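Undergrad: Here it is, the structure in full.
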Amino acid sequence: MMRMCEILEMENIDKGTTIQLLNADKKSIFFLKKGTIKIVDTPNDTVKYIVKKGHIFGELSLYDEQAAAQEQAVALEDCIVCYIEADRMEKIMEKHKSLKNGVLKVYGLRIKKLERRLRDLLYKDSNTRITEFIKDYINEFGENNDHNKIVAKNLLSHKDISHLTNTSRQTVSNVMSRLRKDGIIDYDSQFVSMPIA
C-alpha cells in the first residue's frame with residue numbers, strides 16, 4: 001500500500017464530468033477516494049453499476065480491454081479519484097498477491113450483483129425490483145441520522161433507476177410516489193430516506 005501511495009496520482013473531478021476509462025495512449029485503474037461514480041455502458045447509454053467511495057473502478061481494463069472500451073464513468077457528485085496506469089498496477093499485483101485477490105474480490109462482488117439483477121428480472125415484477133433496488137441503495141449509500149432514518153444522497157435520476165432495474169422511467173416514478181405515499185420512503189431532489197428497520 002505504501003508503494004501504491006507513492007505512485008498514485010490524484011485528481012479532483014467535478015460533478016457531471018465524464019472520466020474516460022480507456023484512452024488510446026493509456027489505460028488506468030481508479031480508486032474513488034471521495035464521492036460517487038456511475039459506470040455507463042456507452043453503446044446502450046445505460047447505467048451498469050454505482051461506485052461509492054473507497055472502491056475501485058476501471059479494473060476491467062486489466063482483464064478485457066475490448067469490454068472496458070465500452071465503459072465510461074460519470075461523477076454523480078464532486079469526487080476525488082486516485083489512479084494508476086494498468087501496466088504498473090499489474091506489476092504491483094504480481095508482487096502482492098493480497099492486492100490481486102482484493103481486485104478479484106471486487107470483480108466477483110460485481111458479478112454477484114449482476115447475477116442478482118438477472119434473477120430479479122426473471123422472477124420478480126417491476127414494482128418489487130424497483131422497491132428492493134431503492135431500499136438496497138439507501139442501505140448501501142445512506143447514513144443513520146438523529147430521526148431514526150437512513151438518509152442517502154439522491155444521486156440517481158428515474159432514468160438511471162429504470163436502467164438498473166430494467167423497467168421504464170414512468171414505472172419508477174409511479175412506484176416511488178406510491179412508496180412515499182405509503183410512508184416506506186421519503187425523497188426530494190437532494191435526499192432519499194427510509195425509517196431504520
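Scheme for the C-alpha cells: letters A, B, ... for chains in order shown; per-chain residue numbers from 1; ligand numbers from 1 in order shown.
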Name all residues at most 12 Å from Tyr63 in chain A (count only C-alpha atoms; drop same-chain ones fewer than 4 positions away) and give them as a list in words.

TA: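 Once the adjacent positions are removed, what remains is Lys27, Ile29, Gly58, Glu59, Ala67, Ala68, Ala69, Ala86, Asp87, Glu90, Val103, Leu104 and Tyr107 of chain A.
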
Undergrad: Got time to write the residues from that selection, C-alpha atoms, as a PDB file, in the first residue's frame?

TA:
```
ATOM      1  CA  LYS A  27      -5.395   2.634 -19.563  1.00  0.00           C
ATOM      2  CA  ILE A  29      -7.232   1.802 -12.726  1.00  0.00           C
ATOM      3  CA  GLY A  58     -11.802   0.754 -14.381  1.00  0.00           C
ATOM      4  CA  GLU A  59     -10.306  -2.596 -13.365  1.00  0.00           C
ATOM      5  CA  ALA A  67     -15.255  -4.533 -22.904  1.00  0.00           C
ATOM      6  CA  ALA A  68     -13.513  -1.738 -20.978  1.00  0.00           C
ATOM      7  CA  ALA A  69     -13.539   0.423 -24.110  1.00  0.00           C
ATOM      8  CA  ALA A  86      -2.877  -0.507 -15.614  1.00  0.00           C
ATOM      9  CA  ASP A  87       0.581  -1.847 -16.553  1.00  0.00           C
ATOM     10  CA  GLU A  90      -0.402  -5.410 -12.918  1.00  0.00           C
ATOM     11  CA  VAL A 103      -9.249  -6.723  -7.068  1.00  0.00           C
ATOM     12  CA  LEU A 104     -10.644 -10.144  -7.966  1.00  0.00           C
ATOM     13  CA  TYR A 107     -14.890  -8.042  -9.565  1.00  0.00           C
TER      14      TYR A 107
END
```

Undergrad: Run DSSP on the backbone and grab whatever in range 54-135 of chain A lands in strand (DSSP E); send it over as a list of chain:residue names.

TA: A:Ile56, A:Phe57, A:Glu71, A:Gln72, A:Ala73, A:Val74, A:Ala75, A:Cys79, A:Ile80, A:Val81, A:Cys82, A:Tyr83, A:Ile84, A:Glu85

Undergrad: So how many Å separate CA of Leu122 in chain A and CA of Leu164 in chain A, to one decimal?

TA: 14.2 Å

Undergrad: Which residues are near Leu118 in chain A? Cut-off 12 Å, only C-alpha atoms, ignore same chain within fewer than 6 positions. Put them as a ChimeraX atom specification.

TA: /A:111-112,124,129,164-166

Undergrad: List the spatial neighbours of His147 in chain A as an MDAnalysis selection string - criterion: any atom at most 12 Å away, only C-alpha atoms, same-chain residues fewer than 2 positions off excluded.

TA: chainID A and resid 143:145 149:151 193:196

Undergrad: Please produce an output containing C-alpha atoms for each residue in the selection, written as an mmCIF file, in the first residue's frame.

TA:
```cif
data_model
loop_
_atom_site.group_PDB
_atom_site.id
_atom_site.type_symbol
_atom_site.label_atom_id
_atom_site.label_comp_id
_atom_site.auth_asym_id
_atom_site.auth_seq_id
_atom_site.Cartn_x
_atom_site.Cartn_y
_atom_site.Cartn_z
ATOM 1 C CA GLU A 143 -26.161 7.010 6.868
ATOM 2 C CA ASN A 144 -28.262 6.923 10.026
ATOM 3 C CA ASN A 145 -29.493 10.307 11.229
ATOM 4 C CA LYS A 149 -33.897 7.279 9.447
ATOM 5 C CA ILE A 150 -31.288 6.155 6.957
ATOM 6 C CA VAL A 151 -30.604 9.057 4.587
ATOM 7 C CA SER A 193 -34.574 8.172 3.126
ATOM 8 C CA MET A 194 -36.422 5.418 4.922
ATOM 9 C CA PRO A 195 -37.043 4.521 8.569
ATOM 10 C CA ILE A 196 -34.432 2.345 10.277
#
```

Undergrad: Within 10 Å of Gly54 in chain A, counting only C-alpha atoms, which residues qualify if same-chain residues fewer than 5 places away don't, as a ChimeraX atom specification?

TA: /A:31-36,81

Undergrad: Quick one: write out the picked residues with N, CA and C atoms as a PDB file, in the first residue's frame?

TA:
```pdb
ATOM      1  N   PHE A  31      -9.181   4.593  -8.097  1.00  0.00           N
ATOM      2  CA  PHE A  31      -9.635   4.387  -6.726  1.00  0.00           C
ATOM      3  C   PHE A  31     -10.440   5.622  -6.338  1.00  0.00           C
ATOM      4  N   LEU A  32     -11.667   5.421  -5.896  1.00  0.00           N
ATOM      5  CA  LEU A  32     -12.535   6.547  -5.546  1.00  0.00           C
ATOM      6  C   LEU A  32     -12.324   6.906  -4.083  1.00  0.00           C
ATOM      7  N   LYS A  33     -11.703   8.048  -3.857  1.00  0.00           N
ATOM      8  CA  LYS A  33     -11.387   8.489  -2.501  1.00  0.00           C
ATOM      9  C   LYS A  33     -12.557   9.247  -1.879  1.00  0.00           C
ATOM     10  N   LYS A  34     -13.304   9.977  -2.704  1.00  0.00           N
ATOM     11  CA  LYS A  34     -14.444  10.752  -2.205  1.00  0.00           C
ATOM     12  C   LYS A  34     -15.473  10.854  -3.315  1.00  0.00           C
ATOM     13  N   GLY A  35     -16.770  10.762  -2.953  1.00  0.00           N
ATOM     14  CA  GLY A  35     -17.838  10.949  -3.920  1.00  0.00           C
ATOM     15  C   GLY A  35     -18.458   9.648  -4.398  1.00  0.00           C
ATOM     16  N   THR A  36     -19.228   9.774  -5.488  1.00  0.00           N
ATOM     17  CA  THR A  36     -19.934   8.639  -6.073  1.00  0.00           C
ATOM     18  C   THR A  36     -19.846   8.732  -7.589  1.00  0.00           C
ATOM     19  N   VAL A  81     -10.479  11.251  -7.184  1.00  0.00           N
ATOM     20  CA  VAL A  81     -10.047   9.928  -7.637  1.00  0.00           C
ATOM     21  C   VAL A  81      -8.530   9.863  -7.653  1.00  0.00           C
TER      22      VAL A  81
END
```

Undergrad: Name the residues in contact with range 131-134 of chain A at a cut-off of 10 Å, using only C-alpha atoms, excluding same-chain residues fewer than 2 positions from it; report them as a VMD selection string.

TA: chain A and resid 117 120 126 to 129 136 to 140 161 164 to 165 172 175 to 176 179 184 to 185 192 to 194

Undergrad: Considering only C-alpha atoms, state which residue in the set A:Cys82, A:Ile56, A:Val47, A:Ile130 is at the smallest distance from Gly102 in chain A.

TA: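 The answer is A:Ile56, which sits nearest to Gly102 in chain A.
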
Undergrad: Can you tell me, as a list in words, what residues are no more than 10 Å from Glu71 in chain A when counting only C-alpha atoms, ignoring any on the same chain fewer than 6 positions away?

TA: Ile19, Gln20, Leu21, Leu22, Ile39, Val40, Asp41, Thr42, Pro43, Asp45, Thr46, Val47, Lys48, Gly58, Leu60 and Ser61 of chain A

Undergrad: Take the residues from that selection and put them in a file with N, CA and C atoms, as an mmCIF file, in the first residue's frame.

TA:
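Now in selection07.cif:
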```
data_model
loop_
_atom_site.group_PDB
_atom_site.id
_atom_site.type_symbol
_atom_site.label_atom_id
_atom_site.label_comp_id
_atom_site.auth_asym_id
_atom_site.auth_seq_id
_atom_site.Cartn_x
_atom_site.Cartn_y
_atom_site.Cartn_z
ATOM 1 N N ILE A 19 -15.311 10.573 -17.022
ATOM 2 C CA ILE A 19 -13.937 10.096 -16.900
ATOM 3 C C ILE A 19 -13.752 8.993 -17.936
ATOM 4 N N GLN A 20 -12.847 9.201 -18.859
ATOM 5 C CA GLN A 20 -12.566 8.173 -19.852
ATOM 6 C C GLN A 20 -11.718 7.088 -19.203
ATOM 7 N N LEU A 21 -12.238 5.886 -19.169
ATOM 8 C CA LEU A 21 -11.536 4.786 -18.509
ATOM 9 C C LEU A 21 -10.423 4.214 -19.370
ATOM 10 N N LEU A 22 -10.555 4.377 -20.676
ATOM 11 C CA LEU A 22 -9.577 3.786 -21.586
ATOM 12 C C LEU A 22 -9.274 4.787 -22.691
ATOM 13 N N ILE A 39 -21.036 3.969 -13.553
ATOM 14 C CA ILE A 39 -20.366 3.382 -14.707
ATOM 15 C C ILE A 39 -21.444 3.143 -15.765
ATOM 16 N N VAL A 40 -21.208 3.700 -16.954
ATOM 17 C CA VAL A 40 -22.199 3.667 -18.033
ATOM 18 C C VAL A 40 -21.692 2.800 -19.183
ATOM 19 N N ASP A 41 -22.579 1.967 -19.702
ATOM 20 C CA ASP A 41 -22.303 1.180 -20.899
ATOM 21 C C ASP A 41 -22.570 2.108 -22.084
ATOM 22 N N THR A 42 -21.527 2.569 -22.759
ATOM 23 C CA THR A 42 -21.689 3.613 -23.777
ATOM 24 C C THR A 42 -22.509 3.195 -24.999
ATOM 25 N N PRO A 43 -22.395 1.966 -25.522
ATOM 26 C CA PRO A 43 -23.206 1.642 -26.701
ATOM 27 C C PRO A 43 -24.716 1.740 -26.444
ATOM 28 N N ASP A 45 -26.000 3.411 -23.629
ATOM 29 C CA ASP A 45 -26.242 4.559 -22.753
ATOM 30 C C ASP A 45 -27.060 4.148 -21.528
ATOM 31 N N THR A 46 -26.652 3.047 -20.887
ATOM 32 C CA THR A 46 -27.341 2.567 -19.694
ATOM 33 C C THR A 46 -26.352 2.464 -18.533
ATOM 34 N N VAL A 47 -26.868 2.685 -17.327
ATOM 35 C CA VAL A 47 -26.044 2.592 -16.129
ATOM 36 C C VAL A 47 -25.825 1.121 -15.790
ATOM 37 N N LYS A 48 -24.555 0.733 -15.613
ATOM 38 C CA LYS A 48 -24.236 -0.653 -15.265
ATOM 39 C C LYS A 48 -24.199 -0.848 -13.756
ATOM 40 N N GLY A 58 -12.700 0.772 -13.231
ATOM 41 C CA GLY A 58 -11.802 0.754 -14.381
ATOM 42 C C GLY A 58 -10.927 -0.483 -14.414
ATOM 43 N N LEU A 60 -11.667 -3.367 -15.222
ATOM 44 C CA LEU A 60 -11.986 -4.244 -16.346
ATOM 45 C C LEU A 60 -10.887 -4.205 -17.409
ATOM 46 N N SER A 61 -10.184 -3.082 -17.502
ATOM 47 C CA SER A 61 -9.111 -2.971 -18.492
ATOM 48 C C SER A 61 -7.962 -3.942 -18.213
#
```

Undergrad: Return as a ChimeraX atom specification the full set of residues in range 36-167 of chain A whose backbone-based DSSP assignment is helix (DSSP H, G or I).

TA: /A:60-63,65-68,86-95,97-123,126-141,158-165
